[in-house]
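Have a look at the structure below before the remarks.
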Amino acid sequence: MFERVYSCLTQDHDFGLVLLAAFICTLASLTTINLLQRALKSFDKQRGLWTIAAALASGIGIWSTHFIAMLAYDIGMPIAFDMTLTAVSIAAAVVVTGVGFAVMVFTTFKSRYLLSGMIVGLGISSMHFLGMKGLEVQGYIAFSPDLVAVSLISGLILAALALDRLRHGLTIKHILSASLMLTLAICALHFIAMGAVNVVVDPRIAIPEASVSHAILAIAISGGALALLVLSLVGAFVDQHLARRSLDEASRLRDYANASSEGIVRLNPDNSIADSNETFCNLIGLEQNKLKGSSFFDLFQDNTAVSALINAQNDTPQAPLEITLNVPNGEGIPVEMRRKTIAHGRHNVNVVLINDLRERHKAEARIRYLAHHDGLTELPNRLVFNDRLEHAIAIGDRNKERRFSVLLLDIDRFKDINDVLGHKCGDELLCEISRRLKLATRTSDTVSRLSGDEFAILQENLEQPEGAEKVAQRILKQISEPFFLNGQENLISVSIGIAFFPEDGTTASALIGNADTALYRAKNEGRATYRFFEAEMDTQLRERRTLDYDMRQAIANGDMYLYYQPQIETET
């Protein structure tokens, strides 16, 4: 059986034209597979256009291979072709292979590549046998059924295997192997089927005059087919190059988007997520493939506010929206959201820019904290102390039985510590004293650093004066414990002045001033102690300060002179 095929190929064909047919077939297969892979990578209308182009390339390639191979076939008598059947054969090749390609490109079932290849095999066989039907000779053409069956099976199997190669990938390796397999399918079907041909000569049958000479037809076919296939192949490669450049550009743009500190999300018209950058994926803790297609609104606690921002008219001024982003671990992340409308292809799409506000909120909280606390000791500052003192006074004005105390503390000889040990040790001392003051007081008491080495304590809801005295004693005991500064043990003391509301004042300035007067008395009476404010303290202090002022003024005005200064020998 195969001896007939071999004999037909070697004895009845011009080998040079056979090589030309094989070359055109290879070029057609390479063009077809290249166009197919463009169709598989495209979307929407472009996918259909590339599929049609692949069908045209394959149909013309099969048709050209057939007729050039027929030109190489020498049966020892003139031959011609019926133009109607010739046109029908090429149409069959284009339509049937196009159906096969459409099955592969537009369906998703697992075995579609094999089915598509088998349909393409049917297209090859339909073209061949319709072409043979249009062959006109002086006699009759008969076929050997066994070789016809082998040719059909070979074409179907090889075409199915050719397109199944594309199932494994669209790399150069897969494209070349698929092209080679498709070339074998076309050539195997043609030359095996030609081995099945038997021509019975009948001189009574004449070739119609309307038929076209095989030489003229061969020249037209080979020239037109080569031109069309080369142009198709070049067009496919140019498009592939442009697509690669487009992908490279898209990759660069994605790299720029991923480098942004903002989360970037592109939305579909139905407000589902079409794409997002790495910043947003990292923020929400999900991979991009899990985000695609999900509802953007479902990511936020307040859908109404997000919808209003996304659906607002472009000419409407929009302030950034602060909202909480839900993440899979249950955490709510504060974010700032802005919307932009950009052109994407032929449509305008919404792009959302999202900023993580956690660091900003931390910074703002830190600023608020520093505005109300001492930066060194982290105790409430003078602003907070005065505010709480005013609040306590307001409550006391409404509740006449309410009493509270204000304690002012001052570190004894703190300047000497700074001068001898340095300001770093002075700062360490202030922090340690702050810690001990909190240990000696209740959590409900306000312990504040007013300035330098001056501290204040506001005690509410405490039995007075016994409660204030016990607190003062605890403070003195805590402070009397040694301090270790610069590797040395140091003994430190504080002086405390205490004033009560409402006995010693009903305003903040009066209470602080009288506590300061009591503190002055404690320092004058030996330090490391506490004193309660007494009315005569204020009188004595005012008199002393008045005398001090008058003496300084007298010296400045020349009202006081030194006439005599005793000279004393201490030994006698």
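In the structure tokens, chains take letters A, B, ... by order of appearance, with residues numbered from 1 within each chain and ligands from 1 in the order shown.
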
inquiry  = Taking the DSSP secondary structure from the backbone, can you list the residues of region 75-145 of chain A that are alpha helix (DSSP H), as a count of residues only?
reply    = 47

Which of region 21-192 of chain A fall in strand (DSSP E or B), as a compact mmCIF listing (two decimals) with all heavy atoms, in the first residue's frame:
```txt
# COMPACT_ATOMS: atom_id res chain seq x y z
N TYR A 73 2.59 16.97 -10.31
CA TYR A 73 2.08 15.62 -10.61
C TYR A 73 1.97 15.44 -12.13
O TYR A 73 1.27 16.20 -12.79
CB TYR A 73 0.73 15.43 -9.93
CG TYR A 73 0.14 14.05 -10.07
CD1 TYR A 73 0.86 12.93 -9.67
CD2 TYR A 73 -1.14 13.88 -10.59
CE1 TYR A 73 0.30 11.66 -9.78
CE2 TYR A 73 -1.70 12.61 -10.71
CZ TYR A 73 -0.97 11.51 -10.29
OH TYR A 73 -1.50 10.25 -10.41
N ILE A 79 -3.97 18.38 -18.19
CA ILE A 79 -4.96 18.53 -17.12
C ILE A 79 -5.40 19.99 -17.04
O ILE A 79 -4.69 20.89 -17.49
CB ILE A 79 -4.42 18.06 -15.76
CG1 ILE A 79 -3.23 18.93 -15.34
CG2 ILE A 79 -4.05 16.60 -15.77
CD1 ILE A 79 -2.76 18.63 -13.93
N ALA A 80 -6.57 20.19 -16.50
CA ALA A 80 -7.10 21.55 -16.26
C ALA A 80 -7.97 21.50 -15.01
O ALA A 80 -8.19 20.42 -14.43
CB ALA A 80 -7.90 22.02 -17.48
N PHE A 81 -8.47 22.67 -14.61
CA PHE A 81 -9.22 22.75 -13.35
C PHE A 81 -10.54 23.47 -13.59
O PHE A 81 -10.59 24.49 -14.28
CB PHE A 81 -8.43 23.49 -12.28
CG PHE A 81 -7.13 22.81 -11.94
CD1 PHE A 81 -5.94 23.19 -12.55
CD2 PHE A 81 -7.09 21.77 -11.01
CE1 PHE A 81 -4.75 22.56 -12.23
CE2 PHE A 81 -5.90 21.15 -10.70
CZ PHE A 81 -4.73 21.53 -11.30
N LEU A 135 -10.45 18.52 -10.80
CA LEU A 135 -9.39 18.18 -11.77
C LEU A 135 -10.01 17.56 -13.03
O LEU A 135 -10.78 16.60 -12.93
CB LEU A 135 -8.39 17.21 -11.12
CG LEU A 135 -7.23 16.75 -12.00
CD1 LEU A 135 -6.32 17.93 -12.35
CD2 LEU A 135 -6.45 15.65 -11.29
N GLU A 136 -9.69 18.11 -14.19
CA GLU A 136 -10.27 17.64 -15.45
C GLU A 136 -9.16 17.01 -16.31
O GLU A 136 -8.15 17.67 -16.61
CB GLU A 136 -10.94 18.78 -16.19
CG GLU A 136 -12.12 19.35 -15.42
CD GLU A 136 -12.77 20.55 -16.12
OE1 GLU A 136 -12.08 21.14 -16.98
OE2 GLU A 136 -13.93 20.86 -15.80
N VAL A 137 -9.35 15.73 -16.66
CA VAL A 137 -8.40 14.99 -17.48
C VAL A 137 -9.16 14.26 -18.60
O VAL A 137 -10.40 14.16 -18.57
CB VAL A 137 -7.60 13.96 -16.63
CG1 VAL A 137 -6.79 14.67 -15.57
CG2 VAL A 137 -8.55 12.94 -16.00
N GLY A 139 -10.14 11.32 -19.27
CA GLY A 139 -10.41 10.01 -18.71
C GLY A 139 -11.16 10.12 -17.41
O GLY A 139 -11.82 11.12 -17.11
N TYR A 140 -11.06 9.05 -16.60
CA TYR A 140 -11.77 8.99 -15.32
C TYR A 140 -10.75 8.87 -14.18
O TYR A 140 -9.69 8.24 -14.35
CB TYR A 140 -12.71 7.79 -15.29
CG TYR A 140 -13.74 7.80 -16.41
CD1 TYR A 140 -13.52 7.08 -17.58
CD2 TYR A 140 -14.91 8.55 -16.29
CE1 TYR A 140 -14.45 7.08 -18.60
CE2 TYR A 140 -15.85 8.55 -17.31
CZ TYR A 140 -15.61 7.83 -18.46
OH TYR A 140 -16.53 7.85 -19.48
N ILE A 141 -11.11 9.45 -13.02
CA ILE A 141 -10.25 9.37 -11.82
C ILE A 141 -10.94 8.46 -10.81
O ILE A 141 -12.10 8.68 -10.44
CB ILE A 141 -10.00 10.74 -11.20
CG1 ILE A 141 -9.24 11.63 -12.19
CG2 ILE A 141 -9.21 10.62 -9.90
CD1 ILE A 141 -9.01 13.05 -11.69
N ALA A 142 -10.22 7.41 -10.38
CA ALA A 142 -10.72 6.51 -9.34
C ALA A 142 -9.77 6.54 -8.15
O ALA A 142 -8.59 6.89 -8.29
CB ALA A 142 -10.83 5.09 -9.89
N PHE A 143 -10.26 6.19 -6.96
CA PHE A 143 -9.46 6.24 -5.73
C PHE A 143 -9.43 4.87 -5.08
O PHE A 143 -10.43 4.14 -5.08
CB PHE A 143 -10.05 7.25 -4.74
CG PHE A 143 -9.98 8.68 -5.21
CD1 PHE A 143 -11.04 9.24 -5.90
CD2 PHE A 143 -8.85 9.44 -4.96
CE1 PHE A 143 -10.99 10.56 -6.32
CE2 PHE A 143 -8.78 10.76 -5.38
CZ PHE A 143 -9.85 11.33 -6.07
```

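Non-sequential neighbours of Glu336 (chain A) (distance at most 8 Å, separation of 3 or more positions within a chain, only C-alpha atoms) are A:Pro320, A:Leu321, A:Glu322, A:Ile323, A:Ile354, A:Asn355, A:Asp356, A:Leu357.
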
For the residues in that selection, give me all heavy atoms as a PDB file, in the first residue's frame.
```pdb
ATOM      1  N   PRO A 320     -10.783  64.696  49.847  1.00  0.00           N
ATOM      2  CA  PRO A 320     -10.387  63.315  50.176  1.00  0.00           C
ATOM      3  C   PRO A 320     -11.300  62.730  51.249  1.00  0.00           C
ATOM      4  O   PRO A 320     -11.706  63.412  52.182  1.00  0.00           O
ATOM      5  CB  PRO A 320      -8.953  63.481  50.690  1.00  0.00           C
ATOM      6  CG  PRO A 320      -8.473  64.759  50.074  1.00  0.00           C
ATOM      7  CD  PRO A 320      -9.678  65.647  50.010  1.00  0.00           C
ATOM      8  N   LEU A 321     -11.634  61.466  51.087  1.00  0.00           N
ATOM      9  CA  LEU A 321     -12.533  60.781  52.019  1.00  0.00           C
ATOM     10  C   LEU A 321     -11.706  59.955  52.998  1.00  0.00           C
ATOM     11  O   LEU A 321     -10.903  59.118  52.591  1.00  0.00           O
ATOM     12  CB  LEU A 321     -13.480  59.867  51.236  1.00  0.00           C
ATOM     13  CG  LEU A 321     -14.388  58.948  52.066  1.00  0.00           C
ATOM     14  CD1 LEU A 321     -15.365  59.778  52.897  1.00  0.00           C
ATOM     15  CD2 LEU A 321     -15.124  57.966  51.166  1.00  0.00           C
ATOM     16  N   GLU A 322     -11.898  60.205  54.288  1.00  0.00           N
ATOM     17  CA  GLU A 322     -11.254  59.388  55.318  1.00  0.00           C
ATOM     18  C   GLU A 322     -12.246  58.316  55.756  1.00  0.00           C
ATOM     19  O   GLU A 322     -13.377  58.622  56.143  1.00  0.00           O
ATOM     20  CB  GLU A 322     -10.817  60.240  56.515  1.00  0.00           C
ATOM     21  CG  GLU A 322      -9.644  61.139  56.204  1.00  0.00           C
ATOM     22  CD  GLU A 322      -8.978  61.680  57.459  1.00  0.00           C
ATOM     23  OE1 GLU A 322      -9.210  61.099  58.541  1.00  0.00           O
ATOM     24  OE2 GLU A 322      -8.228  62.668  57.357  1.00  0.00           O
ATOM     25  N   ILE A 323     -11.818  57.064  55.663  1.00  0.00           N
ATOM     26  CA  ILE A 323     -12.723  55.946  55.912  1.00  0.00           C
ATOM     27  C   ILE A 323     -11.903  54.765  56.416  1.00  0.00           C
ATOM     28  O   ILE A 323     -10.672  54.755  56.315  1.00  0.00           O
ATOM     29  CB  ILE A 323     -13.485  55.589  54.610  1.00  0.00           C
ATOM     30  CG1 ILE A 323     -14.720  54.760  54.904  1.00  0.00           C
ATOM     31  CG2 ILE A 323     -12.577  54.939  53.589  1.00  0.00           C
ATOM     32  CD1 ILE A 323     -15.672  54.651  53.731  1.00  0.00           C
ATOM     33  N   ILE A 354      -5.339  55.411  47.412  1.00  0.00           N
ATOM     34  CA  ILE A 354      -5.597  55.136  48.827  1.00  0.00           C
ATOM     35  C   ILE A 354      -4.313  55.316  49.625  1.00  0.00           C
ATOM     36  O   ILE A 354      -3.278  54.710  49.303  1.00  0.00           O
ATOM     37  CB  ILE A 354      -6.146  53.709  49.018  1.00  0.00           C
ATOM     38  CG1 ILE A 354      -7.492  53.579  48.285  1.00  0.00           C
ATOM     39  CG2 ILE A 354      -6.309  53.370  50.482  1.00  0.00           C
ATOM     40  CD1 ILE A 354      -8.043  52.179  48.254  1.00  0.00           C
ATOM     41  N   ASN A 355      -4.383  56.165  50.651  1.00  0.00           N
ATOM     42  CA  ASN A 355      -3.250  56.404  51.549  1.00  0.00           C
ATOM     43  C   ASN A 355      -3.516  55.774  52.913  1.00  0.00           C
ATOM     44  O   ASN A 355      -4.593  55.964  53.494  1.00  0.00           O
ATOM     45  CB  ASN A 355      -3.016  57.908  51.746  1.00  0.00           C
ATOM     46  CG  ASN A 355      -2.067  58.464  50.705  1.00  0.00           C
ATOM     47  OD1 ASN A 355      -1.066  57.843  50.362  1.00  0.00           O
ATOM     48  ND2 ASN A 355      -2.376  59.644  50.203  1.00  0.00           N
ATOM     49  N   ASP A 356      -2.541  55.051  53.422  1.00  0.00           N
ATOM     50  CA  ASP A 356      -2.617  54.487  54.773  1.00  0.00           C
ATOM     51  C   ASP A 356      -2.386  55.615  55.777  1.00  0.00           C
ATOM     52  O   ASP A 356      -1.350  56.285  55.743  1.00  0.00           O
ATOM     53  CB  ASP A 356      -1.544  53.399  54.919  1.00  0.00           C
ATOM     54  CG  ASP A 356      -1.649  52.678  56.257  1.00  0.00           C
ATOM     55  OD1 ASP A 356      -2.448  53.108  57.118  1.00  0.00           O
ATOM     56  OD2 ASP A 356      -0.915  51.689  56.453  1.00  0.00           O
ATOM     57  N   LEU A 357      -3.352  55.835  56.662  1.00  0.00           N
ATOM     58  CA  LEU A 357      -3.277  56.956  57.613  1.00  0.00           C
ATOM     59  C   LEU A 357      -2.755  56.548  58.978  1.00  0.00           C
ATOM     60  O   LEU A 357      -2.715  57.380  59.887  1.00  0.00           O
ATOM     61  CB  LEU A 357      -4.668  57.596  57.776  1.00  0.00           C
ATOM     62  CG  LEU A 357      -5.264  58.254  56.537  1.00  0.00           C
ATOM     63  CD1 LEU A 357      -6.619  58.865  56.876  1.00  0.00           C
ATOM     64  CD2 LEU A 357      -4.334  59.325  55.982  1.00  0.00           C
TER      65      LEU A 357
END
```

request  = Provide the CA of Val447 (chain A) to CA of Lys470 (chain A) distance in Å, to one decimal place.
outcome  =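 Straight-line distance from CA of Val447 (chain A) to CA of Lys470 (chain A) works out to 15.8 Å.
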